[in-house]
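Structure data follow from data14.pdb (PDB, C-alpha atoms, pLDDT in the B column):
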MODEL        1
ATOM      1  CA  MET K   1       6.968 -11.152  -2.598  1.00 98.00           C
ATOM      2  CA  VAL K   2       3.426 -10.030  -1.880  1.00 98.00           C
ATOM      3  CA  ILE K   3       3.223  -8.376   1.534  1.00 98.00           C
ATOM      4  CA  ILE K   4      -0.173  -8.588   3.213  1.00 98.00           C
ATOM      5  CA  PRO K   5      -0.435  -6.663   6.513  1.00 97.00           C
ATOM      6  CA  THR K   6      -3.095  -7.961   8.883  1.00 97.00           C
ATOM      7  CA  TYR K   7      -4.913  -6.957  12.024  1.00 95.00           C
ATOM      8  CA  ASN K   8      -8.049  -8.961  12.823  1.00 95.00           C
ATOM      9  CA  GLU K   9      -8.368 -10.489   9.344  1.00 96.00           C
ATOM     10  CA  ALA K  10      -8.893 -14.138  10.359  1.00 97.00           C
ATOM     11  CA  GLU K  11     -11.922 -14.418   8.052  1.00 95.00           C
ATOM     12  CA  ASN K  12     -10.112 -12.951   5.065  1.00 96.00           C
ATOM     13  CA  ILE K  13      -6.515 -14.146   5.104  1.00 97.00           C
ATOM     14  CA  LYS K  14      -7.069 -17.704   3.878  1.00 98.00           C
ATOM     15  CA  PRO K  15      -9.129 -16.809   0.772  1.00 97.00           C
ATOM     16  CA  ILE K  16      -6.867 -13.897  -0.198  1.00 97.00           C
ATOM     17  CA  VAL K  17      -3.733 -16.058   0.068  1.00 98.00           C
ATOM     18  CA  ALA K  18      -5.388 -18.744  -2.055  1.00 98.00           C
ATOM     19  CA  ARG K  19      -6.289 -16.185  -4.735  1.00 98.00           C
ATOM     20  CA  VAL K  20      -2.755 -14.779  -4.847  1.00 98.00           C
ATOM     21  CA  ARG K  21      -1.280 -18.256  -5.153  1.00 98.00           C
ATOM     22  CA  GLU K  22      -3.632 -19.058  -8.028  1.00 98.00           C
ATOM     23  CA  SER K  23      -3.101 -15.747  -9.839  1.00 98.00           C
ATOM     24  CA  VAL K  24       0.708 -15.640  -9.579  1.00 98.00           C
ATOM     25  CA  PRO K  25       1.881 -19.170  -8.648  1.00 98.00           C
ATOM     26  CA  ASP K  26       5.563 -18.209  -8.495  1.00 97.00           C
ATOM     27  CA  ALA K  27       5.015 -15.386  -6.018  1.00 97.00           C
ATOM     28  CA  HIS K  28       5.833 -15.735  -2.345  1.00 98.00           C
ATOM     29  CA  ILE K  29       3.583 -14.195   0.297  1.00 98.00           C
ATOM     30  CA  LEU K  30       4.554 -12.528   3.577  1.00 98.00           C
ATOM     31  CA  VAL K  31       1.724 -12.062   6.068  1.00 98.00           C
ATOM     32  CA  ALA K  32       2.776  -9.253   8.444  1.00 98.00           C
ATOM     33  CA  ASP K  33       0.486  -9.680  11.432  1.00 98.00           C
ATOM     34  CA  ASP K  34       0.269  -7.111  14.235  1.00 96.00           C
ATOM     35  CA  ASN K  35      -0.556  -9.659  16.948  1.00 96.00           C
ATOM     36  CA  SER K  36      -4.227  -9.818  15.946  1.00 97.00           C
ATOM     37  CA  PRO K  37      -6.451 -10.778  18.912  1.00 97.00           C
ATOM     38  CA  ASP K  38      -8.800 -12.686  16.573  1.00 97.00           C
ATOM     39  CA  GLY K  39      -6.149 -15.309  15.778  1.00 97.00           C
ATOM     40  CA  THR K  40      -5.139 -14.118  12.303  1.00 98.00           C
ATOM     41  CA  GLY K  41      -1.512 -14.952  13.068  1.00 97.00           C
ATOM     42  CA  LYS K  42      -2.398 -18.545  13.939  1.00 98.00           C
ATOM     43  CA  VAL K  43      -4.356 -18.961  10.693  1.00 98.00           C
ATOM     44  CA  ALA K  44      -1.386 -17.553   8.780  1.00 98.00           C
ATOM     45  CA  ASP K  45       0.971 -19.973  10.534  1.00 98.00           C
ATOM     46  CA  GLU K  46      -1.257 -22.856   9.446  1.00 98.00           C
ATOM     47  CA  LEU K  47      -1.134 -21.634   5.855  1.00 98.00           C
ATOM     48  CA  ALA K  48       2.666 -21.336   6.042  1.00 98.00           C
ATOM     49  CA  ALA K  49       2.952 -24.878   7.409  1.00 98.00           C
ATOM     50  CA  GLU K  50       1.053 -26.180   4.378  1.00 98.00           C
ATOM     51  CA  ASP K  51       2.687 -24.015   1.687  1.00 98.00           C
ATOM     52  CA  ASP K  52       6.381 -23.129   1.380  1.00 97.00           C
ATOM     53  CA  HIS K  53       5.453 -19.997  -0.598  1.00 98.00           C
ATOM     54  CA  VAL K  54       3.858 -18.440   2.500  1.00 98.00           C
ATOM     55  CA  ARG K  55       5.795 -16.789   5.336  1.00 98.00           C
ATOM     56  CA  VAL K  56       4.567 -15.035   8.476  1.00 98.00           C
ATOM     57  CA  LEU K  57       6.105 -12.007  10.177  1.00 98.00           C
ATOM     58  CA  HIS K  58       4.739 -11.786  13.719  1.00 97.00           C
ATOM     59  CA  ARG K  59       4.874  -8.249  15.104  1.00 96.00           C
ATOM     60  CA  LYS K  60       4.485  -7.216  18.738  1.00 93.00           C
ATOM     61  CA  GLY K  61       1.289  -5.211  18.392  1.00 90.00           C
ATOM     62  CA  LYS K  62      -0.793  -2.817  16.353  1.00 89.00           C
ATOM     63  CA  GLU K  63       1.648  -0.190  15.066  1.00 86.00           C
ATOM     64  CA  GLY K  64      -0.112   0.880  11.902  1.00 87.00           C
ATOM     65  CA  LEU K  65      -0.111   0.073   8.217  1.00 91.00           C
ATOM     66  CA  GLY K  66       3.043   1.980   7.388  1.00 93.00           C
ATOM     67  CA  ALA K  67       5.127   0.267  10.057  1.00 93.00           C
ATOM     68  CA  ALA K  68       3.871  -3.146   8.913  1.00 95.00           C
ATOM     69  CA  TYR K  69       4.768  -2.479   5.286  1.00 97.00           C
ATOM     70  CA  LEU K  70       8.180  -1.063   6.154  1.00 96.00           C
ATOM     71  CA  ALA K  71       8.945  -4.152   8.232  1.00 96.00           C
ATOM     72  CA  GLY K  72       7.784  -6.326   5.332  1.00 97.00           C
ATOM     73  CA  PHE K  73       9.900  -4.403   2.827  1.00 98.00           C
ATOM     74  CA  ARG K  74      12.998  -4.785   4.995  1.00 97.00           C
ATOM     75  CA  TRP K  75      12.323  -8.509   5.484  1.00 98.00           C
ATOM     76  CA  GLY K  76      11.826  -9.043   1.764  1.00 98.00           C
ATOM     77  CA  ILE K  77      14.957  -7.137   0.767  1.00 97.00           C
ATOM     78  CA  GLU K  78      17.039  -8.972   3.379  1.00 97.00           C
ATOM     79  CA  HIS K  79      15.802 -12.277   1.961  1.00 98.00           C
ATOM     80  CA  GLY K  80      16.687 -11.426  -1.630  1.00 97.00           C
ATOM     81  CA  TYR K  81      13.357 -10.497  -3.237  1.00 98.00           C
ATOM     82  CA  GLY K  82      13.646  -8.131  -6.204  1.00 98.00           C
ATOM     83  CA  VAL K  83       9.972  -7.131  -6.424  1.00 98.00           C
ATOM     84  CA  LEU K  84       7.795  -6.303  -3.416  1.00 98.00           C
ATOM     85  CA  VAL K  85       4.041  -5.845  -3.625  1.00 98.00           C
ATOM     86  CA  GLU K  86       1.587  -4.137  -1.284  1.00 98.00           C
ATOM     87  CA  MET K  87      -1.846  -5.761  -1.028  1.00 97.00           C
ATOM     88  CA  ASP K  88      -4.728  -5.513   1.441  1.00 96.00           C
ATOM     89  CA  ALA K  89      -6.005  -8.631   3.184  1.00 95.00           C
ATOM     90  CA  ASP K  90      -9.696  -7.756   2.933  1.00 93.00           C
ATOM     91  CA  GLY K  91     -10.256  -8.533  -0.750  1.00 93.00           C
ATOM     92  CA  SER K  92     -10.506  -4.915  -1.869  1.00 94.00           C
ATOM     93  CA  HIS K  93      -7.460  -5.480  -4.083  1.00 96.00           C
ATOM     94  CA  GLN K  94      -8.053  -8.180  -6.670  1.00 97.00           C
ATOM     95  CA  PRO K  95      -5.175 -10.694  -6.857  1.00 97.00           C
ATOM     96  CA  GLU K  96      -6.346 -11.537 -10.375  1.00 98.00           C
ATOM     97  CA  GLU K  97      -5.142  -8.053 -11.415  1.00 98.00           C
ATOM     98  CA  LEU K  98      -1.660  -8.528  -9.951  1.00 98.00           C
ATOM     99  CA  PRO K  99      -0.213  -9.859 -13.251  1.00 98.00           C
ATOM    100  CA  ARG K 100      -1.144  -6.507 -14.831  1.00 97.00           C
ATOM    101  CA  LEU K 101       0.920  -4.645 -12.242  1.00 98.00           C
ATOM    102  CA  LEU K 102       3.877  -6.998 -12.619  1.00 98.00           C
ATOM    103  CA  THR K 103       3.818  -6.699 -16.412  1.00 98.00           C
ATOM    104  CA  ALA K 104       3.820  -2.895 -16.142  1.00 98.00           C
ATOM    105  CA  LEU K 105       6.747  -3.043 -13.694  1.00 98.00           C
ATOM    106  CA  LYS K 106       8.976  -4.300 -16.523  1.00 97.00           C
ATOM    107  CA  GLY K 107       9.019  -0.686 -17.745  1.00 97.00           C
ATOM    108  CA  ALA K 108       8.767   1.141 -14.424  1.00 98.00           C
ATOM    109  CA  ASP K 109      10.235   1.522 -10.942  1.00 98.00           C
ATOM    110  CA  LEU K 110       6.882   1.661  -9.160  1.00 98.00           C
ATOM    111  CA  VAL K 111       3.458   0.590 -10.406  1.00 98.00           C
ATOM    112  CA  ILE K 112       0.296   1.796  -8.682  1.00 98.00           C
ATOM    113  CA  GLY K 113      -3.035   0.034  -9.098  1.00 98.00           C
ATOM    114  CA  SER K 114      -5.183   3.104  -9.625  1.00 97.00           C
ATOM    115  CA  ARG K 115      -8.902   3.686  -9.159  1.00 96.00           C
ATOM    116  CA  TRP K 116      -8.820   7.149 -10.689  1.00 95.00           C
ATOM    117  CA  VAL K 117      -7.309   6.587 -14.140  1.00 96.00           C
ATOM    118  CA  PRO K 118      -9.413   5.575 -17.171  1.00 96.00           C
ATOM    119  CA  GLY K 119     -10.554   1.984 -16.683  1.00 97.00           C
ATOM    120  CA  GLY K 120     -10.239   2.084 -12.906  1.00 96.00           C
ATOM    121  CA  ARG K 121     -13.371   1.760 -10.798  1.00 94.00           C
ATOM    122  CA  ILE K 122     -14.766   1.153  -7.341  1.00 94.00           C
ATOM    123  CA  VAL K 123     -17.536  -1.218  -6.251  1.00 93.00           C
ATOM    124  CA  ASN K 124     -19.882  -0.917  -3.246  1.00 88.00           C
ATOM    125  CA  TRP K 125     -18.403   2.277  -1.849  1.00 86.00           C
ATOM    126  CA  PRO K 126     -20.653   4.973  -0.341  1.00 84.00           C
ATOM    127  CA  LYS K 127     -20.301   8.412  -1.911  1.00 85.00           C
ATOM    128  CA  SER K 128     -18.705   9.696   1.303  1.00 82.00           C
ATOM    129  CA  ARG K 129     -15.782   7.258   0.997  1.00 81.00           C
ATOM    130  CA  GLU K 130     -15.352   8.056  -2.686  1.00 86.00           C
ATOM    131  CA  PHE K 131     -15.307  11.777  -1.880  1.00 85.00           C
ATOM    132  CA  ILE K 132     -12.613  11.288   0.784  1.00 82.00           C
ATOM    133  CA  SER K 133     -10.452   9.147  -1.511  1.00 84.00           C
ATOM    134  CA  ARG K 134     -10.797  11.282  -4.630  1.00 87.00           C
ATOM    135  CA  GLY K 135     -10.460  14.465  -2.611  1.00 86.00           C
ATOM    136  CA  GLY K 136      -7.425  13.179  -0.744  1.00 85.00           C
ATOM    137  CA  SER K 137      -5.643  12.232  -3.953  1.00 89.00           C
ATOM    138  CA  THR K 138      -6.447  15.555  -5.640  1.00 90.00           C
ATOM    139  CA  TYR K 139      -5.436  17.533  -2.534  1.00 90.00           C
ATOM    140  CA  SER K 140      -2.129  15.641  -2.322  1.00 90.00           C
ATOM    141  CA  ARG K 141      -1.411  15.849  -6.054  1.00 90.00           C
ATOM    142  CA  LEU K 142      -1.892  19.616  -6.105  1.00 90.00           C
ATOM    143  CA  LEU K 143      -0.083  20.433  -2.874  1.00 92.00           C
ATOM    144  CA  LEU K 144       2.871  18.154  -3.608  1.00 92.00           C
ATOM    145  CA  ASP K 145       2.966  18.903  -7.339  1.00 91.00           C
ATOM    146  CA  VAL K 146       3.099  15.314  -8.586  1.00 93.00           C
ATOM    147  CA  PRO K 147       1.205  13.842 -11.569  1.00 93.00           C
ATOM    148  CA  ILE K 148       0.001  10.685  -9.768  1.00 96.00           C
ATOM    149  CA  ARG K 149      -3.797  10.499  -9.794  1.00 95.00           C
ATOM    150  CA  ASP K 150      -4.326   7.902  -7.050  1.00 96.00           C
ATOM    151  CA  MET K 151      -1.944   8.997  -4.325  1.00 93.00           C
ATOM    152  CA  THR K 152      -3.686   6.986  -1.595  1.00 91.00           C
ATOM    153  CA  ALA K 153      -3.842   3.670  -3.465  1.00 94.00           C
ATOM    154  CA  GLY K 154      -2.548   0.685  -1.501  1.00 94.00           C
ATOM    155  CA  PHE K 155      -2.127  -1.843  -4.328  1.00 98.00           C
ATOM    156  CA  ARG K 156       1.460  -1.307  -5.519  1.00 98.00           C
ATOM    157  CA  ALA K 157       4.473  -3.111  -6.938  1.00 98.00           C
ATOM    158  CA  PHE K 158       7.968  -1.807  -6.158  1.00 98.00           C
ATOM    159  CA  ARG K 159      11.343  -2.767  -7.469  1.00 98.00           C
ATOM    160  CA  LYS K 160      13.790  -3.455  -4.648  1.00 98.00           C
ATOM    161  CA  GLU K 161      16.056  -0.683  -5.936  1.00 97.00           C
ATOM    162  CA  THR K 162      13.193   1.796  -5.749  1.00 98.00           C
ATOM    163  CA  LEU K 163      12.539   1.061  -2.087  1.00 97.00           C
ATOM    164  CA  GLU K 164      16.240   1.272  -1.315  1.00 96.00           C
ATOM    165  CA  GLY K 165      16.323   4.729  -2.906  1.00 96.00           C
ATOM    166  CA  LEU K 166      13.348   6.176  -1.019  1.00 94.00           C
ATOM    167  CA  GLY K 167      14.936   6.696   2.380  1.00 89.00           C
ATOM    168  CA  MET K 168      12.610   4.284   4.171  1.00 90.00           C
ATOM    169  CA  GLU K 169      14.373   4.855   7.479  1.00 89.00           C
ATOM    170  CA  ALA K 170      12.911   8.384   7.546  1.00 88.00           C
ATOM    171  CA  VAL K 171       9.293   7.332   6.889  1.00 89.00           C
ATOM    172  CA  ALA K 172       7.091   7.703   9.981  1.00 77.00           C
ATOM    173  CA  SER K 173       3.668   8.230   8.387  1.00 81.00           C
ATOM    174  CA  GLN K 174       0.762   5.794   8.589  1.00 74.00           C
ATOM    175  CA  GLY K 175      -2.454   4.848   6.769  1.00 68.00           C
ATOM    176  CA  TYR K 176      -3.451   7.055   3.855  1.00 71.00           C
ATOM    177  CA  CYS K 177      -0.473   9.248   4.645  1.00 87.00           C
ATOM    178  CA  PHE K 178       2.009   6.394   4.272  1.00 92.00           C
ATOM    179  CA  GLN K 179       0.857   5.750   0.717  1.00 93.00           C
ATOM    180  CA  ILE K 180       1.052   9.452  -0.141  1.00 92.00           C
ATOM    181  CA  ASP K 181       4.497   9.713   1.435  1.00 93.00           C
ATOM    182  CA  MET K 182       5.924   6.772  -0.526  1.00 95.00           C
ATOM    183  CA  ALA K 183       4.463   7.967  -3.834  1.00 95.00           C
ATOM    184  CA  TRP K 184       5.813  11.480  -3.293  1.00 93.00           C
ATOM    185  CA  ARG K 185       9.259  10.173  -2.352  1.00 94.00           C
ATOM    186  CA  ALA K 186       9.329   8.104  -5.547  1.00 96.00           C
ATOM    187  CA  ALA K 187       8.355  11.104  -7.673  1.00 94.00           C
ATOM    188  CA  LYS K 188      10.892  13.395  -5.955  1.00 92.00           C
ATOM    189  CA  ALA K 189      13.665  10.831  -6.442  1.00 95.00           C
ATOM    190  CA  GLY K 190      12.981  10.700 -10.175  1.00 96.00           C
ATOM    191  CA  PHE K 191      11.716   7.113 -10.292  1.00 98.00           C
ATOM    192  CA  HIS K 192       9.428   6.146 -13.148  1.00 98.00           C
ATOM    193  CA  VAL K 193       5.926   5.680 -11.736  1.00 98.00           C
ATOM    194  CA  ILE K 194       3.136   4.083 -13.779  1.00 98.00           C
ATOM    195  CA  GLU K 195      -0.550   3.842 -12.849  1.00 98.00           C
ATOM    196  CA  VAL K 196      -2.615   0.952 -14.189  1.00 98.00           C
ATOM    197  CA  PRO K 197      -6.403   0.728 -13.793  1.00 98.00           C
ATOM    198  CA  VAL K 198      -7.796  -1.640 -11.175  1.00 98.00           C
ATOM    199  CA  THR K 199     -11.161  -2.440  -9.648  1.00 97.00           C
ATOM    200  CA  PHE K 200     -11.407  -1.722  -5.936  1.00 96.00           C
ATOM    201  CA  ILE K 201     -14.139  -3.655  -4.116  1.00 94.00           C
ATOM    202  CA  GLU K 202     -15.293  -2.739  -0.603  1.00 88.00           C
ATOM    203  CA  ARG K 203     -14.621  -5.457   1.952  1.00 69.00           C
ATOM    204  CA  GLU K 204     -17.417  -7.942   2.651  1.00 65.00           C
ATOM    205  CA  ARG K 205     -16.088  -9.289   5.958  1.00 61.00           C
ATOM    206  CA  GLY K 206     -14.486  -7.599   8.944  1.00 54.00           C
ATOM    207  CA  GLU K 207     -14.186  -3.936   9.840  1.00 62.00           C
ATOM    208  CA  SER K 208     -12.475  -1.149   7.926  1.00 56.00           C
ATOM    209  CA  LYS K 209      -9.391   0.362   9.565  1.00 53.00           C
ATOM    210  CA  MET K 210     -10.226   3.822   8.186  1.00 55.00           C
ATOM    211  CA  SER K 211     -10.735   6.500  10.840  1.00 58.00           C
ATOM    212  CA  ARG K 212     -11.001  10.259  11.182  1.00 69.00           C
ATOM    213  CA  ASP K 213      -7.551  10.329  12.814  1.00 69.00           C
ATOM    214  CA  ILE K 214      -5.984   8.700   9.738  1.00 64.00           C
ATOM    215  CA  VAL K 215      -7.584  11.248   7.402  1.00 69.00           C
ATOM    216  CA  THR K 216      -6.616  14.144   9.696  1.00 74.00           C
ATOM    217  CA  GLU K 217      -3.005  12.975   9.901  1.00 70.00           C
ATOM    218  CA  ALA K 218      -2.800  12.760   6.123  1.00 69.00           C
ATOM    219  CA  ALA K 219      -4.272  16.227   5.554  1.00 74.00           C
ATOM    220  CA  TRP K 220      -1.943  17.841   8.087  1.00 75.00           C
ATOM    221  CA  ARG K 221       1.227  16.108   6.936  1.00 76.00           C
ATOM    222  CA  VAL K 222       0.543  16.742   3.245  1.00 75.00           C
ATOM    223  CA  MET K 223      -0.044  20.432   3.915  1.00 80.00           C
ATOM    224  CA  THR K 224       3.198  20.594   5.920  1.00 82.00           C
ATOM    225  CA  TRP K 225       5.168  18.796   3.194  1.00 75.00           C
ATOM    226  CA  GLY K 226       3.670  20.968   0.462  1.00 77.00           C
ATOM    227  CA  VAL K 227       4.422  24.245   2.215  1.00 80.00           C
ATOM    228  CA  SER K 228       7.936  23.124   3.141  1.00 76.00           C
ATOM    229  CA  SER K 229       8.618  22.024  -0.442  1.00 74.00           C
ATOM    230  CA  ARG K 230       7.534  25.372  -1.865  1.00 72.00           C
ATOM    231  CA  VAL K 231       9.556  27.345   0.686  1.00 73.00           C
ATOM    232  CA  ASN K 232      12.640  25.263  -0.069  1.00 72.00           C
ATOM    233  CA  LYS K 233      12.139  25.817  -3.787  1.00 70.00           C
ATOM    234  CA  LEU K 234      11.887  29.587  -3.292  1.00 69.00           C
ATOM    235  CA  LEU K 235      15.050  29.579  -1.181  1.00 72.00           C
ATOM    236  CA  GLY K 236      16.888  27.314  -3.600  1.00 71.00           C
ATOM    237  CA  ARG K 237      17.240  24.506  -1.097  1.00 70.00           C
ATOM    238  CA  LYS K 238      16.841  20.797  -1.760  1.00 66.00           C
ATOM    239  CA  ASN K 239      13.870  19.019  -0.200  1.00 60.00           C
ATOM    240  CA  ALA K 240      14.638  16.491   2.515  1.00 55.00           C
TER
ENDMDL
END
Final structure tokens representation of the file:
Amino acid sequence: MVIIPTYNEAENIKPIVARVRESVPDAHILVADDNSPDGTGKVADELAAEDDHVRVLHRKGKEGLGAAYLAGFRWGIEHGYGVLVEMDADGSHQPEELPRLLTALKGADLVIGSRWVPGGRIVNWPKSREFISRGGSTYSRLLLDVPIRDMTAGFRAFRKETLEGLGMEAVASQGYCFQIDMAWRAAKAGFHVIEVPVTFIERERGESKMSRDIVTEAAWRVMTWGVSSRVNKLLGRKNA
């Protein structure tokens, strides 16, 4: 199941669903909509009425990316899906590259579509955004002591068993921080994480959800986690 969280993505949801269906015809899609005022949920309902591979999870309001994905993960697991994929609605993640992630998942517990491994690249990003993304991944990798190069990537494929072993009920982080949190939990739990190169393309329609608050939350939480982890290691205690 490919989980696509949406908030004001009425222009984007139809083409991205069509591309997923063409790229991986057997996949099912769950649109997790946070009560978008632009009518994204209604568009998704129309898609679901026409295609039995599309489902819609209507949420009460805008609660953040992490909450939307966690709700989608729980829905997918409850309905028997063994592989759950994260994908943005805005076209920045290329559905045509999804088969590469799914192939890699045959030998892994979590596959991350990475911009910062050889072969990965970005298109139409300003240098400021690249600096924030690269810097955020490097900062997180060093503070949390994990080998993952693209800690903030949002194009991912999980095995159901991986998600069940990550302690999702304790995850409260959002945005960039949610992606870092889930990657770190996977590494701490000893799951096999693979990064495969992908091309990330800046959205052409709609507005980015990135904000200073999201970046600030990520920096603060990662620093807190990193310090706590090192203190626990010095004291011989297990990390939470």
- For the file shown, what are the residues hit by the PyMOL selection byres ((chain K and resi 178) around 12), laid out as JSON, numbers by chain? {"K": [64, 65, 66, 67, 68, 69, 70, 86, 151, 152, 153, 154, 168, 170, 171, 172, 173, 174, 175, 176, 177, 179, 180, 181, 182, 183, 184, 185, 214, 215, 217, 218, 219, 221, 222]}
- Query: Pick from K:Arg100, K:Arg21, K:Lys62, K:Lys42: nearest to Pro5 (chain K), with only C-alpha atoms counted?
  - Reply: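 So, comparing all the options, the nearest one is K:Lys62.
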- Selected residue, from K:Arg230, K:Arg237, K:Arg129, K:Lys106, that lies nearest to Leu142 (chain K) when counting all atoms listed in the file: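 Closest to Leu142 (chain K), using all atoms listed in the file: K:Arg230.
If all atoms listed in the file are the atoms counted, then among K:Pro197, K:Trp75, K:Glu202, K:Thr40 the closest residue to Glu11 (chain K) is K:Thr40.
Nearest-residue note for Arg141 (chain K): choosing from K:Ile16, K:Met223, K:Val111, K:Leu166, the minimum distance belongs to K:Met223, counting all atoms listed in the file.
Near (-2.5, -11.8, 15.2), the residues inside the 12 Å limit, counting only C-alpha atoms, come to Pro5, Thr6, Tyr7, Asn8, Glu9, Ala10, Ile13, Val31, Ala32, Asp33, Asp34, Asn35, Ser36, Pro37, Asp38, Gly39, Thr40, Gly41, Lys42, Val43, Ala44, Asp45, Val56, Leu57, His58, Arg59, Lys60, Gly61 and Lys62 of chain K.
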- Message: Report, in Å with one decimal, the straight-line distance from CA of Gln94 (chain K) to CA of Arg159 (chain K).
- Response: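 CA of Gln94 (chain K) sits 20.2 Å away from CA of Arg159 (chain K).
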- Spatial neighbours of Gly120 (chain K), max dist 9 Å, all atoms listed in the file, sep filter under 5 positions, as a PyMOL selection string: chain K and resi 113-115+196-200
- Message: Here is a test: counting only C-alpha atoms, which residue of K:His93, K:Lys160, K:Lys14, K:His192 is nearest to Glu78 (chain K)?
- Response: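 The closest residue to Glu78 (chain K) is K:Lys160.
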- Apply the PyMOL selection byres ((chain K and resi 19) around 12) to the file shown and report the selected residues as JSON, numbers by chain. {"K": [2, 12, 13, 14, 15, 16, 17, 18, 20, 21, 22, 23, 24, 25, 27, 29, 87, 89, 90, 91, 93, 94, 95, 96, 97, 98]}
- Message: Measuring between only C-alpha atoms, which one of K:Leu163, K:Met1, K:Leu30, K:Ile201 shows the shortest distance to Ile122 (chain K)?
- Response: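 Ranked by minimum distance to Ile122 (chain K), first place goes to K:Ile201.
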- For CA of Ile77 (chain K) and CA of Glu195 (chain K), the interatomic separation in Å (one decimal): 23.4 Å
- Query: How far is it from CA of Gly136 (chain K) to CA of Lys233 (chain K), in Å with one decimal?
  - Reply: 23.5 Å
